[in-house]
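Written below as structure tokens is the structure these notes are about.
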Protein chains: 2
Amino acid sequence: MRTLSGKELAAAVRERVRAEAAARQPRLAVVVATADEASLWYVRSIAKAAAGVGIACDVVELGPHAAPETIAATLAGLSADPGVHGVMLQTPLPPGASAQELAAAIDPAKDVDGAAPLSLGRLAAGLPAFAPATAAAVLALLDHHGVELAGRRAVVVGRSTVVGKPLAHLLLDRHATVTVCHSRTRDLAAVTSQAEVLVVAAGRAGLIGAGHVAPGAVVIDVGTNPTAGGGLTGDVDLAAVAPVAGALTPVPGGVGPVTTALLLEHTVRAAGA
Amino acid sequence: MRTLSGKELAAAVRERVRAEAAARQPRLAVVVATADEASLWYVRSIAKAAAGVGIACDVVELGPHAAPETIAATLAGLSADPGVHGVMLQTPLPPGASAQELAAAIDPAKDVDGAAPLSLGRLAAGLPAFAPATAAAVLALLDHHGVELAGRRAVVVGRSTVVGKPLAHLLLDRHATVTVCHSRTRDLAAVTSQAEVLVVAAGRAGLIGAGHVAPGAVVIDVGTNPTAGGGLTGDVDLAAVAPVAGALTPVPGGVGPVTTALLLEHTVRAAGA
């Protein structure tokens, strides 16, 4: 089984970004309205990665009780600020706040994590738009490792607005035959085992076992579930699937680092010409 | 085999629309920039149906050589006109004009045929939006005939922005496991014959034969291909598929009349409160 590492690709993207950032002085603003530890850890990792490639990163902390109106006004203000090139809204949000509704306040030209409904619609319609960084990272990883998509059967597990749905459109654009599964899918293993390319973004550790994977299939694990030991584990049961799959992304070190690198690349692009 | 007629549903929708239109004086504007006969015939049929339920319908003919800028300006003008409640851009368009790009000029609140990228994005994100009337008609027909969707395997043939893609989102929202096929799909029959609900929107007469359909499957034929005799035929080979399918929509008389009725219903809704 091939291990589809994301580290080399992420490093190459960061190198490209660093070269372009020098001339453009890009600035990314991340709006946070949560006390969730995993989320805050991720935001710190973005800020650190941004600093590493010469992108300024403002973390705007509104606290876990911020009103939706406050969040929307903050996003609108950052969108209107000519000194800010990328705007991102971190989840989770306070109860009653909808990420999809609020993200509409982000200028699509600065929507570097593809969260606004207009960005998703443009993506689906085949018009230029920023894709959510995670969905873009899956495509970039497949390309980097030379996985062919045209005419092949791709199955996506998970129908979220940030991964499953935009990814389905990206795969369709590349002429794959695309199936989207989710928690209500009957006999998940019967569907996923038809995949030549299987992408799992369900957020459930160990969901995918040997019986879910066709021999030789390419498996992309988008899951990042916390382990008791303070680490991360994917949605794929690595020990069970490794003997069956043809190729598999590790967690951590697969989709994750590429996601962060592409978020930074989107920011540099948003700051460009 | 059950025939899933759309005529009764269309009549019921028109009845509902007529009752609501009386109080609201809705007005629909259809922008046309083509000399295509089938398209002009369809627009006349919309205007006639609108008149029948008390909706004013303006057909704005820009001619087959209209510049994209002219079309966009017309759509923006109608969107800004408080006397117009629904705005629709008819295809085909002159060479060089993109329906997706131009439809962005339609105010989403008046985008009764769900053509704007923002409408598609909101639909995909699960936010309130007008779905394209054809995609909405497929769902309405399935509901009208009591076809269950949750947990079932649905296959959509065709990945257009006006039918296949929005329909995939509507079916996902209803908890179906959804596969989208297209012209680049390898072994189409192998994929479609796994469908419990098969929706065909490929625009190719006779594409779907007996070998494409699982015994007992529900088949929705969105195709409207002109015949030599001046009639219409679907994408499904009726004679071949009828003995296999459990239920099948006729063409004409299936999705078509429901589509027109829902376009009018969207217009009345756009004119409401």
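By order of appearance in the structure tokens: chains A, B, ..., then residues from 1 within every chain, and ligands from 1 in the order shown.
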
Compute the set of chain A residues within 6 Å of chain B, using only C-alpha atoms, and express it as JSON, numbers by chain. {"A": [117, 118, 120, 121, 122, 125, 151, 161, 177, 178, 179, 180, 181, 184, 185, 186]}

Could you list, as a JSON list (two decimals) with all heavy atoms, in the first residue's frame, every residue within 9 Å of Ser5 (chain A), counting only C-alpha atoms and ignoring same-chain residues fewer than 3 positions away?
[["chain", "number", "residue", "atom", "x", "y", "z"],
["A", 8, "GLU", "N", 5.08, 16.72, 1.86],
["A", 8, "GLU", "CA", 5.93, 17.27, 0.80],
["A", 8, "GLU", "C", 5.15, 18.29, -0.04],
["A", 8, "GLU", "O", 5.65, 19.36, -0.38],
["A", 8, "GLU", "CB", 6.45, 16.14, -0.11],
["A", 8, "GLU", "CG", 7.27, 15.09, 0.63],
["A", 8, "GLU", "CD", 6.45, 14.21, 1.57],
["A", 8, "GLU", "OE1", 5.23, 14.03, 1.31],
["A", 8, "GLU", "OE2", 7.00, 13.72, 2.57],
["A", 9, "LEU", "N", 3.89, 17.94, -0.35],
["A", 9, "LEU", "CA", 3.06, 18.87, -1.12],
["A", 9, "LEU", "C", 2.85, 20.16, -0.34],
["A", 9, "LEU", "O", 2.98, 21.27, -0.89],
["A", 9, "LEU", "CB", 1.71, 18.21, -1.45],
["A", 9, "LEU", "CG", 0.67, 19.14, -2.10],
["A", 9, "LEU", "CD1", 1.19, 19.74, -3.39],
["A", 9, "LEU", "CD2", -0.63, 18.37, -2.37],
["A", 141, "LEU", "N", -4.03, 16.79, -3.30],
["A", 141, "LEU", "CA", -3.32, 15.56, -2.92],
["A", 141, "LEU", "C", -3.47, 14.49, -4.00],
["A", 141, "LEU", "O", -2.50, 13.80, -4.34],
["A", 141, "LEU", "CB", -3.90, 15.03, -1.60],
["A", 141, "LEU", "CG", -3.08, 15.21, -0.35],
["A", 141, "LEU", "CD1", -3.81, 14.61, 0.83],
["A", 141, "LEU", "CD2", -1.69, 14.58, -0.49],
["A", 145, "HIS", "N", -0.26, 13.04, -6.22],
["A", 145, "HIS", "CA", 0.12, 11.63, -6.25],
["A", 145, "HIS", "C", -0.31, 10.93, -7.54],
["A", 145, "HIS", "O", -0.27, 9.71, -7.63],
["A", 145, "HIS", "CB", -0.42, 10.91, -5.02],
["A", 145, "HIS", "CG", 0.25, 11.33, -3.74],
["A", 145, "HIS", "ND1", 1.54, 10.94, -3.42],
["A", 145, "HIS", "CD2", -0.14, 12.14, -2.73],
["A", 145, "HIS", "CE1", 1.89, 11.47, -2.26],
["A", 145, "HIS", "NE2", 0.89, 12.21, -1.82],
["A", 248, "LEU", "N", -3.33, 5.25, 0.69],
["A", 248, "LEU", "CA", -4.08, 5.79, 1.84],
["A", 248, "LEU", "C", -3.34, 6.99, 2.40],
["A", 248, "LEU", "O", -2.12, 6.97, 2.53],
["A", 248, "LEU", "CB", -4.20, 4.68, 2.89],
["A", 248, "LEU", "CG", -4.86, 4.97, 4.24],
["A", 248, "LEU", "CD1", -6.29, 5.47, 4.08],
["A", 248, "LEU", "CD2", -4.84, 3.71, 5.11],
["A", 249, "THR", "N", -4.08, 8.04, 2.74],
["A", 249, "THR", "CA", -3.46, 9.19, 3.38],
["A", 249, "THR", "C", -3.32, 8.94, 4.87],
["A", 249, "THR", "O", -4.23, 8.41, 5.50],
["A", 249, "THR", "CB", -4.31, 10.47, 3.21],
["A", 249, "THR", "OG1", -5.62, 10.24, 3.73],
["A", 249, "THR", "CG2", -4.42, 10.87, 1.75],
["A", 250, "PRO", "N", -2.20, 9.35, 5.47],
["A", 250, "PRO", "CA", -2.07, 9.23, 6.92],
["A", 250, "PRO", "C", -2.83, 10.35, 7.64],
["A", 250, "PRO", "O", -3.13, 11.39, 7.04],
["A", 250, "PRO", "CB", -0.56, 9.40, 7.14],
["A", 250, "PRO", "CG", -0.11, 10.27, 5.99],
["A", 250, "PRO", "CD", -1.01, 9.94, 4.83],
["A", 253, "GLY", "N", -0.75, 14.28, 8.92],
["A", 253, "GLY", "CA", 0.28, 14.29, 7.89],
["A", 253, "GLY", "C", -0.24, 14.03, 6.48],
["A", 253, "GLY", "O", 0.54, 13.86, 5.55],
["A", 254, "GLY", "N", -1.57, 13.99, 6.33],
["A", 254, "GLY", "CA", -2.15, 13.78, 5.00],
["A", 254, "GLY", "C", -2.84, 15.03, 4.49],
["A", 254, "GLY", "O", -2.18, 15.97, 4.05],
["A", 255, "VAL", "N", -4.16, 15.06, 4.61],
["A", 255, "VAL", "CA", -4.94, 16.20, 4.11],
["A", 255, "VAL", "C", -4.67, 17.46, 4.94],
["A", 255, "VAL", "O", -4.64, 18.57, 4.40],
["A", 255, "VAL", "CB", -6.45, 15.85, 4.14],
["A", 255, "VAL", "CG1", -7.30, 17.05, 3.75],
["A", 255, "VAL", "CG2", -6.74, 14.66, 3.22]]

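Here CA of Met1 (chain B) stands at a distance of 8.1 Å from CA of Gly216 (chain B).
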
Taking 5 positions as the minimum chain separation for residues in the same chain, which residues sit within 8 Å of Ala136 (chain A) when counting only C-alpha atoms? Answer as a count of residues only. 5

Every residue of region 133-229 of chain A that DSSP places in strand (DSSP E), as a short mmCIF file (atom, residue, chain, number, x, y, z; two decimals) with N, CA and C atoms, in the first residue's frame:
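The file below, selection_5.cif, is the result:
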data_model
loop_
_atom_site.label_atom_id
_atom_site.label_comp_id
_atom_site.auth_asym_id
_atom_site.auth_seq_id
_atom_site.Cartn_x
_atom_site.Cartn_y
_atom_site.Cartn_z
N ARG A 153 -14.94 5.97 -10.52
CA ARG A 153 -15.99 6.07 -9.51
C ARG A 153 -15.41 6.61 -8.22
N ALA A 154 -15.89 7.79 -7.84
CA ALA A 154 -15.47 8.41 -6.59
C ALA A 154 -16.64 8.38 -5.62
N VAL A 155 -16.37 8.03 -4.38
CA VAL A 155 -17.40 8.05 -3.35
C VAL A 155 -16.93 8.96 -2.23
N VAL A 156 -17.79 9.90 -1.84
CA VAL A 156 -17.50 10.82 -0.75
C VAL A 156 -18.41 10.45 0.41
N VAL A 157 -17.83 10.22 1.58
CA VAL A 157 -18.63 9.94 2.77
C VAL A 157 -18.69 11.22 3.59
N THR A 177 -17.33 9.99 -11.73
CA THR A 177 -18.72 9.67 -11.39
C THR A 177 -18.78 9.68 -9.87
N VAL A 178 -19.61 10.56 -9.32
CA VAL A 178 -19.51 10.87 -7.89
C VAL A 178 -20.75 10.43 -7.11
N THR A 179 -20.51 9.72 -6.01
CA THR A 179 -21.57 9.35 -5.08
C THR A 179 -21.31 10.00 -3.74
N VAL A 180 -22.35 10.58 -3.14
CA VAL A 180 -22.24 11.16 -1.82
C VAL A 180 -23.05 10.31 -0.83
N CYS A 181 -22.36 9.80 0.19
CA CYS A 181 -22.98 9.01 1.26
C CYS A 181 -23.02 9.85 2.53
N VAL A 197 -11.93 5.70 -5.93
CA VAL A 197 -11.37 6.75 -5.08
C VAL A 197 -12.39 7.01 -3.97
N LEU A 198 -11.99 6.76 -2.74
CA LEU A 198 -12.90 6.91 -1.60
C LEU A 198 -12.40 8.04 -0.71
N VAL A 199 -13.26 9.03 -0.48
CA VAL A 199 -12.89 10.16 0.37
C VAL A 199 -13.81 10.14 1.59
N VAL A 200 -13.22 10.10 2.77
CA VAL A 200 -14.02 9.96 3.98
C VAL A 200 -13.92 11.23 4.81
N VAL A 218 -7.99 3.90 -3.81
CA VAL A 218 -7.30 5.04 -3.22
C VAL A 218 -8.21 5.62 -2.14
N VAL A 219 -7.70 5.74 -0.91
CA VAL A 219 -8.52 6.19 0.21
C VAL A 219 -7.95 7.49 0.78
N ILE A 220 -8.78 8.51 0.81
CA ILE A 220 -8.37 9.80 1.36
C ILE A 220 -9.15 10.02 2.65
N ASP A 221 -8.43 10.17 3.74
CA ASP A 221 -9.03 10.27 5.07
C ASP A 221 -9.01 11.72 5.53
N ASN A 225 -10.05 13.25 14.27
CA ASN A 225 -10.72 13.01 15.54
C ASN A 225 -9.69 12.96 16.66
N PRO A 226 -9.96 13.66 17.78
CA PRO A 226 -9.01 13.65 18.89
C PRO A 226 -8.95 12.27 19.53
#

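Separating CA of Val138 (chain B) from CA of Ala10 (chain B) is a distance of 11.9 Å.
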
Considering only alpha helix (DSSP H) as DSSP defines it on the backbone, what residues of region 4-229 of chain A qualify? List them as a ChimeraX atom specification. /A:7-24,37-53,68-80,99-103,117-124,133-144,164-173,188-192

Write out as an mmCIF file with C-alpha atoms, in the first residue's frame which residues come within 9 Å of Ala137 (chain B) when counting only C-alpha atoms, dropping same-chain ones fewer than 3 positions away.
data_model
loop_
_atom_site.group_PDB
_atom_site.id
_atom_site.type_symbol
_atom_site.label_atom_id
_atom_site.label_comp_id
_atom_site.auth_asym_id
_atom_site.auth_seq_id
_atom_site.Cartn_x
_atom_site.Cartn_y
_atom_site.Cartn_z
ATOM 1 C CA GLY B 6 -47.445 15.086 -13.933
ATOM 2 C CA PRO B 132 -34.482 25.583 -10.705
ATOM 3 C CA ALA B 133 -38.085 24.752 -11.626
ATOM 4 C CA THR B 134 -37.120 21.510 -13.386
ATOM 5 C CA ALA B 140 -42.519 17.433 -6.347
ATOM 6 C CA LEU B 141 -43.432 14.532 -8.662
ATOM 7 C CA LEU B 142 -41.666 12.020 -6.433
ATOM 8 C CA VAL B 255 -41.913 16.473 -15.463
ATOM 9 C CA GLY B 256 -42.715 19.151 -18.068
ATOM 10 C CA PRO B 257 -46.113 20.418 -16.913
ATOM 11 C CA VAL B 258 -44.998 20.357 -13.274
ATOM 12 C CA THR B 259 -41.954 22.451 -14.172
ATOM 13 C CA THR B 260 -44.075 25.193 -15.704
ATOM 14 C CA ALA B 261 -46.544 25.124 -12.814
ATOM 15 C CA LEU B 262 -43.741 25.427 -10.243
#

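Within 9 Å of region 14-17 of chain A, once only C-alpha atoms are used and residues closer than 2 positions along the same chain are dropped, the contacting residues are Leu9, Ala10, Ala11, Ala12, Ala19, Glu20, Ala21, Ala22, Ala49, Gly52, Val53, Gly54, Ile55, Ala261, Leu262, Leu264, Glu265, Val268 and Arg269 of chain A.
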
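With only C-alpha atoms as the basis for measurement, A:Arg2 is the residue among A:Leu93, A:Ala73, A:Arg2, A:Pro26 that approaches Val241 (chain A) most closely.
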
Go through A:Pro64, A:Pro82, A:Gly209, A:Gly203 one by one, measure the shortest atom-to-atom distance of each to Ala271 (chain A) using only C-alpha atoms, and give the residue with the smallest value. A:Pro82

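For the pair CA of Ala201 (chain A) and CA of His144 (chain A), the interatomic distance is 19.7 Å.
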
Arg44 (chain B) surroundings by only C-alpha atoms, 10 Å radius, close-in-sequence under 5 positions cut, as a PDB file with N, CA and C atoms, in the first residue's frame:
ATOM      1  N   ALA B  38     -37.535  25.751 -30.507  1.00  0.00           N
ATOM      2  CA  ALA B  38     -38.017  24.998 -29.343  1.00  0.00           C
ATOM      3  C   ALA B  38     -38.054  25.902 -28.121  1.00  0.00           C
ATOM      4  N   SER B  39     -37.043  26.753 -28.011  1.00  0.00           N
ATOM      5  CA  SER B  39     -36.953  27.651 -26.873  1.00  0.00           C
ATOM      6  C   SER B  39     -38.084  28.683 -26.910  1.00  0.00           C
ATOM      7  N   ALA B  49     -49.455  29.784 -19.924  1.00  0.00           N
ATOM      8  CA  ALA B  49     -49.783  29.207 -18.615  1.00  0.00           C
ATOM      9  C   ALA B  49     -49.913  30.302 -17.566  1.00  0.00           C
ATOM     10  N   ALA B  50     -49.047  31.308 -17.654  1.00  0.00           N
ATOM     11  CA  ALA B  50     -49.108  32.426 -16.709  1.00  0.00           C
ATOM     12  C   ALA B  50     -50.450  33.139 -16.835  1.00  0.00           C
ATOM     13  N   CYS B  57     -47.128  38.158 -17.718  1.00  0.00           N
ATOM     14  CA  CYS B  57     -45.837  37.658 -18.184  1.00  0.00           C
ATOM     15  C   CYS B  57     -45.329  38.525 -19.322  1.00  0.00           C
ATOM     16  N   VAL B  59     -42.500  39.016 -22.080  1.00  0.00           N
ATOM     17  CA  VAL B  59     -41.387  38.375 -22.776  1.00  0.00           C
ATOM     18  C   VAL B  59     -40.535  39.484 -23.373  1.00  0.00           C
TER      19      VAL B  59
END
